[in-house]
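Here's my_file-v5.txt, which has compact mmCIF, C-alpha atoms:
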```txt
# COMPACT_ATOMS: atom_id res chain seq x y z
CA MET A 1 -23.27 28.35 -12.62
CA ASN A 2 -20.32 27.58 -14.89
CA LYS A 3 -18.91 24.10 -15.44
CA PHE A 4 -15.89 24.60 -13.15
CA THR A 5 -18.03 25.76 -10.22
CA LYS A 6 -20.38 22.82 -10.71
CA LEU A 7 -17.41 20.42 -10.89
CA VAL A 8 -15.92 21.81 -7.67
CA LYS A 9 -19.29 21.75 -5.92
CA ASP A 10 -19.87 18.12 -6.97
CA TRP A 11 -16.41 16.69 -6.23
CA VAL A 12 -14.91 18.62 -3.30
CA PRO A 13 -17.21 17.08 -0.65
CA THR A 14 -16.51 13.57 -1.98
CA ILE A 15 -12.76 14.14 -2.00
CA LEU A 16 -12.83 15.62 1.53
CA VAL A 17 -14.77 12.63 2.86
CA ALA A 18 -12.32 10.24 1.16
CA VAL A 19 -9.31 12.05 2.65
CA VAL A 20 -10.80 12.12 6.15
CA LEU A 21 -11.74 8.41 5.97
CA SER A 22 -8.29 7.54 4.70
CA LEU A 23 -6.61 9.41 7.56
CA LEU A 24 -8.90 7.82 10.14
CA ILE A 25 -8.34 4.30 8.78
CA ARG A 26 -4.58 4.79 8.63
CA SER A 27 -4.46 6.23 12.14
CA TYR A 28 -6.79 3.85 13.95
CA VAL A 29 -7.56 0.74 11.89
CA ALA A 30 -4.77 -0.46 9.61
CA GLU A 31 -1.70 0.80 7.81
CA ALA A 32 0.73 -0.46 5.20
CA MET A 33 4.40 -0.32 6.24
CA SER A 34 7.69 -1.49 4.81
CA VAL A 35 10.43 -3.32 6.68
CA PRO A 36 13.75 -1.44 6.66
CA THR A 37 16.10 -4.03 8.21
CA GLU A 38 16.95 -7.72 8.17
CA SER A 39 16.13 -8.33 11.84
CA MET A 40 13.20 -10.61 10.95
CA VAL A 41 14.96 -12.74 8.31
CA PRO A 42 14.02 -15.42 7.24
CA THR A 43 10.36 -14.68 8.05
CA ILE A 44 10.35 -11.14 6.66
CA GLN A 45 12.96 -9.69 4.31
CA ALA A 46 14.15 -6.08 4.20
CA GLY A 47 11.88 -4.19 1.82
CA ASP A 48 8.84 -6.42 2.34
CA ARG A 49 5.52 -4.66 2.88
CA LEU A 50 3.27 -5.34 5.86
CA ILE A 51 -0.35 -4.64 6.65
CA VAL A 52 -0.55 -3.73 10.33
CA GLU A 53 -3.87 -3.95 12.16
CA LYS A 54 -3.92 -1.18 14.75
CA MET A 55 -7.08 -2.06 16.67
CA LEU A 56 -5.24 -3.74 19.54
CA TRP A 57 -8.17 -3.08 21.86
CA ALA A 58 -10.24 -5.45 19.69
CA THR A 59 -7.71 -8.28 19.57
CA SER A 60 -5.49 -10.18 21.93
CA LEU A 61 -1.79 -10.67 21.44
CA LYS A 62 -0.32 -14.15 21.71
CA HIS A 63 3.14 -15.70 21.66
CA GLY A 64 4.55 -15.69 18.15
CA ASP A 65 2.61 -12.69 16.85
CA ILE A 66 4.64 -10.21 14.82
CA VAL A 67 4.10 -6.72 16.20
CA VAL A 68 5.08 -3.15 15.29
CA PHE A 69 6.00 -0.87 18.19
CA HIS A 70 8.07 2.06 19.45
CA PRO A 71 11.16 0.50 21.10
CA PRO A 72 12.35 1.44 24.59
CA VAL A 73 15.56 2.81 23.10
CA PRO A 74 16.38 6.43 24.00
CA GLY A 75 16.44 8.71 20.97
CA GLU A 76 15.05 6.06 18.58
CA THR A 77 12.29 7.39 16.35
CA LYS A 78 11.84 4.42 13.98
CA LEU A 79 9.22 1.76 14.51
CA TYR A 80 10.41 -1.80 15.12
CA VAL A 81 8.95 -5.06 13.81
CA LYS A 82 9.64 -8.09 16.04
CA ARG A 83 8.14 -11.37 17.22
CA LEU A 84 6.27 -11.42 20.53
CA ILE A 85 8.15 -13.79 22.84
CA GLY A 86 6.97 -12.83 26.33
CA LEU A 87 3.59 -11.75 27.64
CA PRO A 88 3.10 -10.08 31.04
CA GLY A 89 4.13 -12.51 33.79
CA ASP A 90 6.21 -14.78 31.51
CA VAL A 91 9.73 -15.72 32.56
CA VAL A 92 12.02 -15.57 29.51
CA GLN A 93 15.51 -17.03 29.27
CA ILE A 94 17.96 -17.79 26.48
CA LYS A 95 20.54 -20.47 27.21
CA ASP A 96 22.41 -23.14 25.26
CA GLY A 97 21.23 -21.59 21.98
CA ALA A 98 17.53 -21.97 22.79
CA LEU A 99 14.62 -19.92 24.11
CA TYR A 100 12.91 -20.94 27.34
CA ARG A 101 9.59 -19.50 28.42
CA ASN A 102 8.31 -20.27 31.90
CA GLY A 103 10.91 -23.03 32.18
CA ASP A 104 9.87 -24.82 28.96
CA LYS A 105 12.01 -24.92 25.84
CA VAL A 106 10.17 -23.19 22.98
CA ASP A 107 10.16 -24.77 19.51
CA GLU A 108 11.00 -21.97 17.08
CA SER A 109 10.94 -23.67 13.69
CA TYR A 110 11.09 -20.30 11.92
CA LEU A 111 14.70 -19.71 13.09
CA THR A 112 17.61 -20.75 10.88
CA ALA A 113 20.41 -20.43 13.48
CA LYS A 114 20.82 -21.08 17.18
CA MET A 115 21.29 -18.04 19.36
CA ASP A 116 24.94 -17.40 20.18
CA TYR A 117 24.24 -15.53 23.42
CA ALA A 118 22.68 -16.06 26.84
CA PHE A 119 20.04 -13.83 28.40
CA GLY A 120 17.93 -13.80 31.55
CA PRO A 121 15.98 -15.17 33.13
CA VAL A 122 13.74 -12.10 33.30
CA THR A 123 10.08 -11.76 34.23
CA VAL A 124 7.95 -9.62 31.91
CA PRO A 125 6.22 -6.92 34.01
CA GLU A 126 2.49 -6.20 33.93
CA ASP A 127 1.42 -4.16 30.86
CA HIS A 128 4.74 -4.90 29.11
CA TYR A 129 5.94 -7.30 26.41
CA PHE A 130 9.22 -8.95 25.38
CA PHE A 131 10.18 -9.01 21.67
CA LEU A 132 12.97 -10.64 19.66
CA GLY A 133 13.77 -10.56 15.95
CA ASP A 134 13.84 -13.83 14.01
CA ASN A 135 17.41 -13.11 12.88
CA ARG A 136 18.38 -13.46 16.54
CA ASN A 137 22.15 -13.10 16.33
CA MET A 138 21.92 -9.95 14.19
CA SER A 139 18.76 -8.34 15.58
CA PHE A 140 18.84 -5.26 17.82
CA ASP A 141 16.05 -6.39 20.12
CA ALA A 142 15.12 -6.95 23.77
CA HIS A 143 18.20 -9.02 24.56
CA SER A 144 20.44 -6.04 23.77
CA TRP A 145 18.34 -3.09 24.98
CA ASP A 146 19.02 -1.47 28.36
CA THR A 147 15.31 -1.91 29.11
CA PRO A 148 14.19 -5.20 27.54
CA PHE A 149 10.44 -4.63 27.90
CA VAL A 150 8.05 -2.69 25.67
CA ALA A 151 5.17 -0.91 27.43
CA LYS A 152 1.67 -1.68 26.19
CA ASP A 153 1.13 1.97 25.20
CA LYS A 154 4.12 1.79 22.82
CA LEU A 155 2.52 -0.92 20.67
CA ILE A 156 1.30 0.18 17.23
CA GLY A 157 -0.31 -2.97 15.87
CA LYS A 158 -0.12 -6.59 14.86
CA VAL A 159 1.07 -7.68 11.43
CA VAL A 160 -1.83 -9.39 9.66
CA LEU A 161 -0.40 -9.66 6.15
CA GLU A 162 3.08 -9.75 4.68
CA ILE A 163 3.67 -8.91 1.03
CA PRO A 164 7.03 -10.37 -0.02
CA PHE A 165 8.04 -7.31 -2.02
CA HIS A 166 11.63 -8.56 -2.27
CA LYS A 167 10.39 -11.38 -4.55
CA LEU A 168 8.65 -8.90 -6.84
CA ARG A 169 11.94 -7.04 -7.35
CA ASP A 170 13.92 -10.20 -8.21
```
Would you encode the structure as structure tokens?
Amino acid sequence: MNKFTKLVKDWVPTILVAVVLSLLIRSYVAEAMSVPTESMVPTIQAGDRLIVEKMLWATSLKHGDIVVFHPPVPGETKLYVKRLIGLPGDVVQIKDGALYRNGDKVDESYLTAKMDYAFGPVTVPEDHYFFLGDNRNMSFDAHSWDTPFVAKDKLIGKVVLEIPFHKLRD
């Protein structure tokens, strides 16, 4: 057996296992993504990198989580990154520049500007969620979609780590 044949025989199985594991992890466990827009400013800047945990069956979503999903926007193929505002059964309303959930005003210390629009009230249906960007007045999110709710099966994963890539470039 020559050296090349031995090298192929030794390394090909290892490389194949690594490729298969990588594809499985990326598809079902976690994935790195970058943020293309400024809809989550100031929390996340355009160009920042995110680690998205995709095992939603093993976790529970809660108000305030940042989630990646397919939006209910006809013809849209990009993934969206937004903050989870409404869980199934929640009543969401935006009035007087503030967010109200189930009749209570929500403290959103991560926002830098009051909302300049009114919305709702709407009740989030079963197996659906309501998302808004942190850059509320500039974000294309649930308040401006024809269908403001994202179905559970359109969720990709929850952001577990943000890498402020924009700071590395500065």
From A:His63, A:Lys3, A:His128, A:Arg83, residue lying nearest A:Pro148 [all atoms listed in the file]: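 For A:Pro148, the nearest of the given residues is A:His128.
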Nearest to A:Leu84 by atom-to-atom distance, counting all atoms listed in the file, from A:Ala32, A:Val122, A:Leu155, A:Val12: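 Counting all atoms listed in the file, the residue closest to A:Leu84 is A:Leu155.
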Contact residues around A:Arg136 with all atoms listed in the file at 9 Å, ignoring same-chain residues under 4 positions, as a list in words: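 Here the qualifying residues turn out to be Ser39, Met40, Val41, Leu111, Ala113, Lys114, Met115, Asp116, Leu132, Phe140 and Asp141 of chain A.
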Selection near stretch 56-60 of chain A, 8 Å with only C-alpha atoms, sequence-local residues under 3 positions removed, as a ChimeraX atom specification: /A:53,156-158
Two-atom distance - atom CA of A:Lys105, atom CA of A:Lys154 (Å): 28.0 Å
Between atom CA of A:Asp134 and atom CA of A:Lys82 - distance in Å to one decimal: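 Between atom CA of A:Lys82 and atom CA of A:Asp134 the gap is 7.4 Å.
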Point-to-point distance in Å for atom CA of A:Glu162 and atom CA of A:Ile85: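 Answer for the atom CA of A:Ile85 to atom CA of A:Glu162 separation: 19.3 Å.
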From A:Ala118, A:Pro125, A:Val8, A:Gln45, residue lying nearest A:Ala98 [only C-alpha atoms]: A:Ala118
